[in-house]
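Input: a single structure, listed below in structure tokens.
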Amino acid sequence: MGQTIELTAADGFRFPAYVARPAGTPKGGLVVLQEIFGVNSHIRSVADGYAADGYFVVAPSTFHRVQGGVELGYTEADMGTGFGLKTAVEALPAPGVMADIQAAIDHAAQAGKVGILGYCWGGLLTWRSACQLKGLSAAVPFYGGGMTAGDDAARKPQVPVLAHFGDQDHWIPLDTVEAFRQAQPGVQVQVYQANHGFNCDQRGSFDAAAAKLARERTLAFLAHHLG
């Protein structure tokens with residue numbers, strides 16, 4: 001369903017993005033942000049799935065500024081590699097990868113209003129995008145590691161946000177989720193009986209019931225704000 005294209009950020013940096021188009025007229029644009037495992041087969045399937053639901057989907061490679069062609073699995077070794085790449089991207093001078101996400105938003109805008117969603121590190125980047133970038137109408141972070149702590153928790157979103165968390169996520173302690181909920185009364189916070197990565201059917205932490213419910217809520221949220 002999809003294809004890989006090349007986008008250009010405001011600073012002239014060129015990077016790949018996987019694009020999936022709906023069969024008919026798009027309901028809107030959607031940017032999908034990867035985990036620490038690259039734009040791999042799972043992220044492409046997520047993009048294809050939202051395209052099947054009517055959205056023009058753009059999934060940019062958020063690792064490309066530090067390493068091209070990253071497509072990892074979910075082993076312990078892959079996790080270590082991905083974490084190292086994420087750390088390298090986070091260390092880039094500002095705006096760093098946010099410029100690439102902005103370019104993806106701008107490209108998705110050809111389909112109308114634009115939403116953004118992401119998983120794991122992509123969830124954190126989704127939250128930052130909701131607070132910093134232009135051209136968005138909605139944001140949906142899934143278990144965004146780091147968004148409930150420190151400076152990131154104090155950010156102010158510029159668009160409606162629906163945030164999904166798992167109550168068994170040892171990367172994102174539940175007490176920080178509750179503190180985030182209190183500090184961000186405008187954010188819709190949903191907590192599932194699930195672990196980190198519950199949306200990914202290639203991970204041992206996959207939870208079909210939580211993934212299904214979170215997706216249904218996400219589609220309703222996007223329909224409301226992008227419709």
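The way I read the labels, and the way they are meant: chains A, B, ... in the order of the structure tokens, residue 1 as the first residue of every chain, and ligand 1 as the first ligand shown, with later ones counted on from there.
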
Give me, as a Markdown table, the closest atom pair and its distance (Å, one decimal) for every residue of stretch 96-205 of chain A within a cut-off of 9 Å of stretch 32-48 of chain A, counting only C-alpha atoms, rows sorted by chain and rising number.
| residue | atom | partner | partner_atom | distance |
| --- | --- | --- | --- | --- |
| A:Ile101 | CA | A:Leu33 | CA | 8.4 |
| A:Gly115 | CA | A:Val32 | CA | 8.8 |
| A:Ile116 | CA | A:Val32 | CA | 6.0 |
| A:Leu117 | CA | A:Val32 | CA | 5.1 |
| A:Gly118 | CA | A:Leu33 | CA | 4.3 |
| A:Tyr119 | CA | A:Glu35 | CA | 5.4 |
| A:Cys120 | CA | A:Glu35 | CA | 5.1 |
| A:Trp121 | CA | A:Glu35 | CA | 5.3 |
| A:Gly122 | CA | A:Leu33 | CA | 4.7 |
| A:Gly123 | CA | A:Leu33 | CA | 7.3 |
| A:Leu125 | CA | A:Leu33 | CA | 7.5 |
| A:Thr126 | CA | A:Leu33 | CA | 7.1 |
| A:Cys200 | CA | A:His42 | CA | 7.1 |
| A:Asp201 | CA | A:His42 | CA | 7.8 |
| A:Gln202 | CA | A:His42 | CA | 7.2 |

Deliver the residues from the most recent selection as a file, using N, CA and C atoms, as a compact mmCIF listing (two decimals), in the first residue's frame.
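Saved the output as out_12.txt:
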# COMPACT_ATOMS: atom_id res chain seq x y z
N ILE A 101 10.25 16.26 11.69
CA ILE A 101 8.83 16.02 11.99
C ILE A 101 7.97 17.14 11.43
N GLY A 115 -3.10 15.13 12.09
CA GLY A 115 -2.88 14.59 13.43
C GLY A 115 -1.52 13.93 13.48
N ILE A 116 -1.05 13.67 14.69
CA ILE A 116 0.24 13.00 14.86
C ILE A 116 0.10 11.96 15.97
N LEU A 117 0.69 10.79 15.75
CA LEU A 117 0.71 9.77 16.81
C LEU A 117 2.04 9.04 16.76
N GLY A 118 2.43 8.53 17.91
CA GLY A 118 3.71 7.84 17.97
C GLY A 118 3.78 6.92 19.17
N TYR A 119 4.76 6.02 19.13
CA TYR A 119 4.87 4.94 20.11
C TYR A 119 6.24 4.98 20.77
N CYS A 120 6.28 4.76 22.09
CA CYS A 120 7.57 4.67 22.79
C CYS A 120 8.28 6.02 22.65
N TRP A 121 9.50 6.05 22.13
CA TRP A 121 10.18 7.33 21.88
C TRP A 121 9.36 8.21 20.96
N GLY A 122 8.69 7.59 19.99
CA GLY A 122 7.81 8.34 19.10
C GLY A 122 6.64 8.98 19.85
N GLY A 123 6.24 8.38 20.97
CA GLY A 123 5.22 8.99 21.81
C GLY A 123 5.72 10.27 22.46
N LEU A 125 8.15 12.15 21.23
CA LEU A 125 8.27 13.12 20.14
C LEU A 125 6.90 13.66 19.72
N THR A 126 5.87 12.82 19.82
CA THR A 126 4.51 13.27 19.52
C THR A 126 4.08 14.35 20.52
N CYS A 200 2.21 -3.16 19.98
CA CYS A 200 3.03 -3.80 18.95
C CYS A 200 2.89 -5.31 18.96
N ASP A 201 2.33 -5.86 17.88
CA ASP A 201 2.07 -7.30 17.82
C ASP A 201 3.34 -8.11 17.53
N GLN A 202 4.49 -7.44 17.43
CA GLN A 202 5.76 -8.14 17.27
C GLN A 202 6.54 -8.22 18.59

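Between atom CA of A:Glu178 and atom CA of A:Val114 the interatomic distance comes to 28.1 Å.
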
- Message: So the first atom is atom CA of A:Ala10 and the second is atom CA of A:Ala130; what is the distance between them in Å, to one decimal place?
- Response: 18.5 Å

- Query: Counting only C-alpha atoms, which of A:Gly146, A:Pro157, A:Pro93, A:Pro60 gets nearest to A:Arg14?
  - Reply: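 For A:Arg14, the nearest of the candidates is A:Pro60.
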
- Message: Just want the 9 Å neighbourhood of stretch 223-225 of chain A, counted on only C-alpha atoms, with same-chain residues fewer than 4 positions away dropped. Output as number ranges by chain.
- Response: A: 27-28, 113, 115, 137-138, 160, 218-219

- Item | DSSP helix (DSSP H, G or I) selection over stretch 1-225 of chain A, as JSON, numbers by chain | {"A": [41, 42, 43, 44, 45, 46, 47, 48, 49, 50, 51, 52, 76, 77, 78, 79, 80, 81, 82, 83, 84, 85, 86, 87, 88, 89, 90, 98, 99, 100, 101, 102, 103, 104, 105, 106, 107, 108, 109, 110, 111, 121, 122, 123, 124, 125, 126, 127, 128, 129, 130, 131, 132, 150, 151, 152, 153, 174, 175, 176, 177, 178, 179, 180, 181, 182, 183, 208, 209, 210, 211, 212, 213, 214, 215, 216, 217, 218, 219, 220, 221, 222, 223, 224, 225]}

- Task: Find the residue from A:Ala179, A:Trp171, A:Ala91, A:Val161 that sits nearest to A:Pro141; use only C-alpha atoms when measuring.
- Result: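 Among the listed residues, the smallest separation from A:Pro141 belongs to A:Val161.
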
- Counting only C-alpha atoms, closest pick from A:Ala99, A:Ala94, A:Ala153, A:Ala109 relative to A:Leu226 is A:Ala109

- Just the residues within 9 Å of A:Gln110, please, counting only C-alpha atoms, with nothing from its chain fewer than 2 positions along; format it as JSON, numbers by chain. {"A": [28, 29, 56, 106, 107, 108, 112, 113]}

- List the neighbours of A:Ala51 out to 7 Å using only C-alpha atoms; skip same-chain residues closer than 4 positions along the sequence, and give me the result as a PyMOL selection string. chain A and resi 20-22+47+55-57

Save the residues we just selected, C-alpha atoms, as a PDB file, in the first residue's frame?
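Wrote it out as result_22.pdb, contents follow:
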ATOM      1  CA  ALA A  20       0.630   5.201   2.851  1.00  0.00           C
ATOM      2  CA  ARG A  21      -2.377   6.549   0.958  1.00  0.00           C
ATOM      3  CA  PRO A  22      -6.061   5.749   1.475  1.00  0.00           C
ATOM      4  CA  ALA A  47       0.821   3.337   8.708  1.00  0.00           C
ATOM      5  CA  TYR A  55      -5.876   8.809   6.398  1.00  0.00           C
ATOM      6  CA  PHE A  56      -2.919   9.968   4.309  1.00  0.00           C
ATOM      7  CA  VAL A  57      -0.087   8.712   6.514  1.00  0.00           C
TER       8      VAL A  57
END

- May I ask which of the residues A:Thr75, A:Phe221, A:Ser129, A:Ala149 is the closest one to A:Leu162, counting only C-alpha atoms?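 Result for the nearest residue to A:Leu162: A:Phe221.
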
- Coordinates-based distance that separates atom CA of A:Leu85 from atom CA of A:Ser61 (Å, one decimal): 11.9 Å

- Message: Measuring between only C-alpha atoms, which one of A:Gln132, A:Gln190, A:Thr176, A:Asn199 shows the shortest distance to A:Gly150?
- Response: A:Thr176
